[in-house]
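Novice: This structure is in C-alpha cells; I'll ask about it shortly.
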Amino acid sequence: MPHLIRQEQLHQAHEARSKLTVSLARTGTEVEEAQRIRYKVFAEEMGAKLPSAAEGLDRDRFDKHCEHLLVRDNASNKVVGTYRIMPPEQARIAGGYYSESEFDLSRLENLRDRMVEVGRSCVHPDYRDGGTITQLWGGLADYIGKHNHEYLIGCASISMADGGHYAASVYNKIHKLHAAPSEYHVFPHCPLPLDALNQDMEVIIPPLIKGYLRLGAYIGGAPAWDPDFNCADLFILLPVARMNARYAKHFMRQSAQS
C-alpha cells in the first residue's frame with residue numbers, strides 16, 4: 001500500500017508540473033501580467049509602497065529594459081510566477097543595474113559585460129510549491145545558457161515584518177560560509193542596522209536564498225534595507241562556472257522538458 005500511495009503522489013506531482021509552462025513575455029500585455037502578479041505579491045501581500053499602485057501594477061523604469069519570464073497555468077491561462085531578467089547590454093542603456101540603487105557595485109566593474117541581473121521574483125500564493133519554482137529556475141537556466149552569461153547577480157529579499165531581527169539572523173547564519181571573495185564585495189547604500197538587531201534567532205533560510213546557495217552563489221556583503229518594500233536585500237553573485245553541477249543539471253533538464 002505505501003508503494004501505491006507513493007506512486008499516486010508522484011503521478012499527482014507530474015500532473016501539476018505538466019499544467020505549468022514557462023516562457024518569455026513577448027507583448028506589452030504579457031509584461032503587464034508580470035507586473036500585476038508582482039503588485040499582488042509585493043503590495044497586497046507584503047505591503048510595499050509602489051509608485052504605480054493606482055494602476056494595480058508594480059512598474060518601474062527598468063521594466064522596459066528587461067526580459068520577463070512567465071510561468072503560466074495552462075488550465076486557467078493565468079500567470080502564476082515571474083522573474084525579471086536584465087542583460088548587460090540593456091543595463092548599459094538603462095544607466096546601470098537595479099541592484100545599483102541599493103549597492104555600490106564598483107568592485108564588479110570588470111565583470112559588467114558578463115553579468116545578467118535577475119530580480120522581482122514572485123509566485124502566486126496558491127502556487128508556492130516545487131513545481132512552480134522549478135519552472136522559473138529552469139527557464140532562467142535556459143536563458144543564461146543560450147546567451148552565454150558568465151555571472152548572475154541580483155537582490156534576494158528577506159521580510160522585515162518583525163522589524164529586521166529575522167533578516168539579521170538569516171544573514172548572520174549564512175554570510176561567513178558563503179561570503180564572496182573580497183574583490184567582489186559590494187556595499188549597501190542604506191545598510192540594515194545589524195548591531196541594533198538580534199542576529200542570533202533560530203531561523204529557516206528563505207527558499208529562494210537557499211536555492212541560490214545550493215547552486216554555488218556568494219553573498220556579496222551586508223544586507224541593504226529597502227524601506228519601500230519593507231524588506232532587507234542580500235546581494236547575490238553566482239559565477240555560472242561555479243554552479244553546483246547536480247543542481248544545474250536538474251534545472252537545465254527541467255527547462256529542456258518545458
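Every chain in the C-alpha cells has a letter given in the order shown (A, B, ...), and although residue numbers restart at 1 in each chain, ligands are simply numbered from 1 in the order shown.
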Could you give me, as number ranges by chain, the residues within 12 Å of segment 167-175 of chain A, counting only C-alpha atoms and dropping anything in the same chain fewer than 2 positions from it?
Specialist: A: 156-165, 177-181, 185, 191-207, 209-210, 212-214, 217-226, 230-236
Novice: Skipping near chain neighbours, those fewer than 3 positions away, what residues fall within 8 Å of Gly154 of chain A using only C-alpha atoms, listed as a list of chain:residue names?
Specialist: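 Counting only the stated atoms, we get A:Ser99, A:Glu117, A:Val118, A:Gly119, A:Phe235, A:Ile236, A:Leu237.
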Novice: Take the residues just selected and output them with N, CA and C atoms as a PDB file, in the first residue's frame.
Specialist:
ATOM      1  N   SER A  99      20.190  46.648  -9.055  1.00  0.00           N
ATOM      2  CA  SER A  99      20.942  46.413  -7.817  1.00  0.00           C
ATOM      3  C   SER A  99      21.751  47.633  -7.391  1.00  0.00           C
ATOM      4  N   GLU A 117      21.400  40.337 -14.629  1.00  0.00           N
ATOM      5  CA  GLU A 117      20.733  40.562 -13.352  1.00  0.00           C
ATOM      6  C   GLU A 117      19.342  39.949 -13.358  1.00  0.00           C
ATOM      7  N   VAL A 118      18.995  39.292 -12.248  1.00  0.00           N
ATOM      8  CA  VAL A 118      17.644  38.759 -12.081  1.00  0.00           C
ATOM      9  C   VAL A 118      17.024  39.378 -10.829  1.00  0.00           C
ATOM     10  N   GLY A 119      15.721  39.484 -10.833  1.00  0.00           N
ATOM     11  CA  GLY A 119      15.047  40.062  -9.682  1.00  0.00           C
ATOM     12  C   GLY A 119      13.545  40.034  -9.842  1.00  0.00           C
ATOM     13  N   PHE A 235      22.764  40.888  -1.575  1.00  0.00           N
ATOM     14  CA  PHE A 235      23.285  40.864  -2.934  1.00  0.00           C
ATOM     15  C   PHE A 235      23.835  39.466  -3.222  1.00  0.00           C
ATOM     16  N   ILE A 236      23.322  38.873  -4.291  1.00  0.00           N
ATOM     17  CA  ILE A 236      23.708  37.523  -4.694  1.00  0.00           C
ATOM     18  C   ILE A 236      24.614  37.602  -5.920  1.00  0.00           C
ATOM     19  N   LEU A 237      25.717  36.897  -5.887  1.00  0.00           N
ATOM     20  CA  LEU A 237      26.620  36.797  -7.040  1.00  0.00           C
ATOM     21  C   LEU A 237      26.869  35.312  -7.303  1.00  0.00           C
TER      22      LEU A 237
END
Novice: Please measure the separation of atom CA of Leu69 of chain A and atom CA of Arg38 of chain A, giving the value in Å to one decimal.
Specialist: 12.2 Å
Novice: DSSP on the backbone, then: every residue of segment 45-132 of chain A marked strand (DSSP E or B), written as a list in words.
Specialist: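 Those in segment 45-132 of chain A that DSSP calls strand (DSSP E or B) are Glu67, His68, Leu69, Leu70, Val71, Arg72, Asp73, Lys78, Val79, Val80, Gly81, Thr82, Tyr83, Arg84, Ile85, Met86, Phe103, Asp104, Met115, Val116, Glu117, Val118, Gly119, Arg120, Ser121, Cys122 and Val123 of chain A.
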Novice: Grab the residues selected above and save them as a CSV table (one decimal), in the first residue's frame with C-alpha atoms.
Specialist:
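Output contents, as saved in selection.csv:
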chain,number,residue,atom,x,y,z
A,67,GLU,CA,13.0,40.3,-20.3
A,68,HIS,CA,10.1,39.0,-18.2
A,69,LEU,CA,10.0,35.2,-17.5
A,70,LEU,CA,6.4,34.0,-17.0
A,71,VAL,CA,5.1,30.7,-15.5
A,72,ARG,CA,1.6,30.1,-16.7
A,73,ASP,CA,-1.1,27.7,-15.5
A,78,LYS,CA,-3.1,32.7,-15.5
A,79,VAL,CA,0.4,33.9,-14.9
A,80,VAL,CA,1.4,32.4,-11.5
A,81,GLY,CA,5.1,33.2,-11.3
A,82,THR,CA,7.6,35.6,-12.8
A,83,TYR,CA,11.3,36.6,-12.9
A,84,ARG,CA,12.8,39.8,-14.3
A,85,ILE,CA,16.0,39.5,-16.3
A,86,MET,CA,18.3,42.4,-17.3
A,103,PHE,CA,24.5,48.6,-3.5
A,104,ASP,CA,27.8,50.1,-4.6
A,115,MET,CA,26.7,39.9,-15.8
A,116,VAL,CA,23.0,39.3,-16.1
A,117,GLU,CA,20.7,40.6,-13.4
A,118,VAL,CA,17.6,38.8,-12.1
A,119,GLY,CA,15.0,40.1,-9.7
A,120,ARG,CA,11.4,40.8,-8.9
A,121,SER,CA,10.9,37.0,-8.4
A,122,CYS,CA,7.5,36.2,-7.1
A,123,VAL,CA,5.0,33.4,-7.1
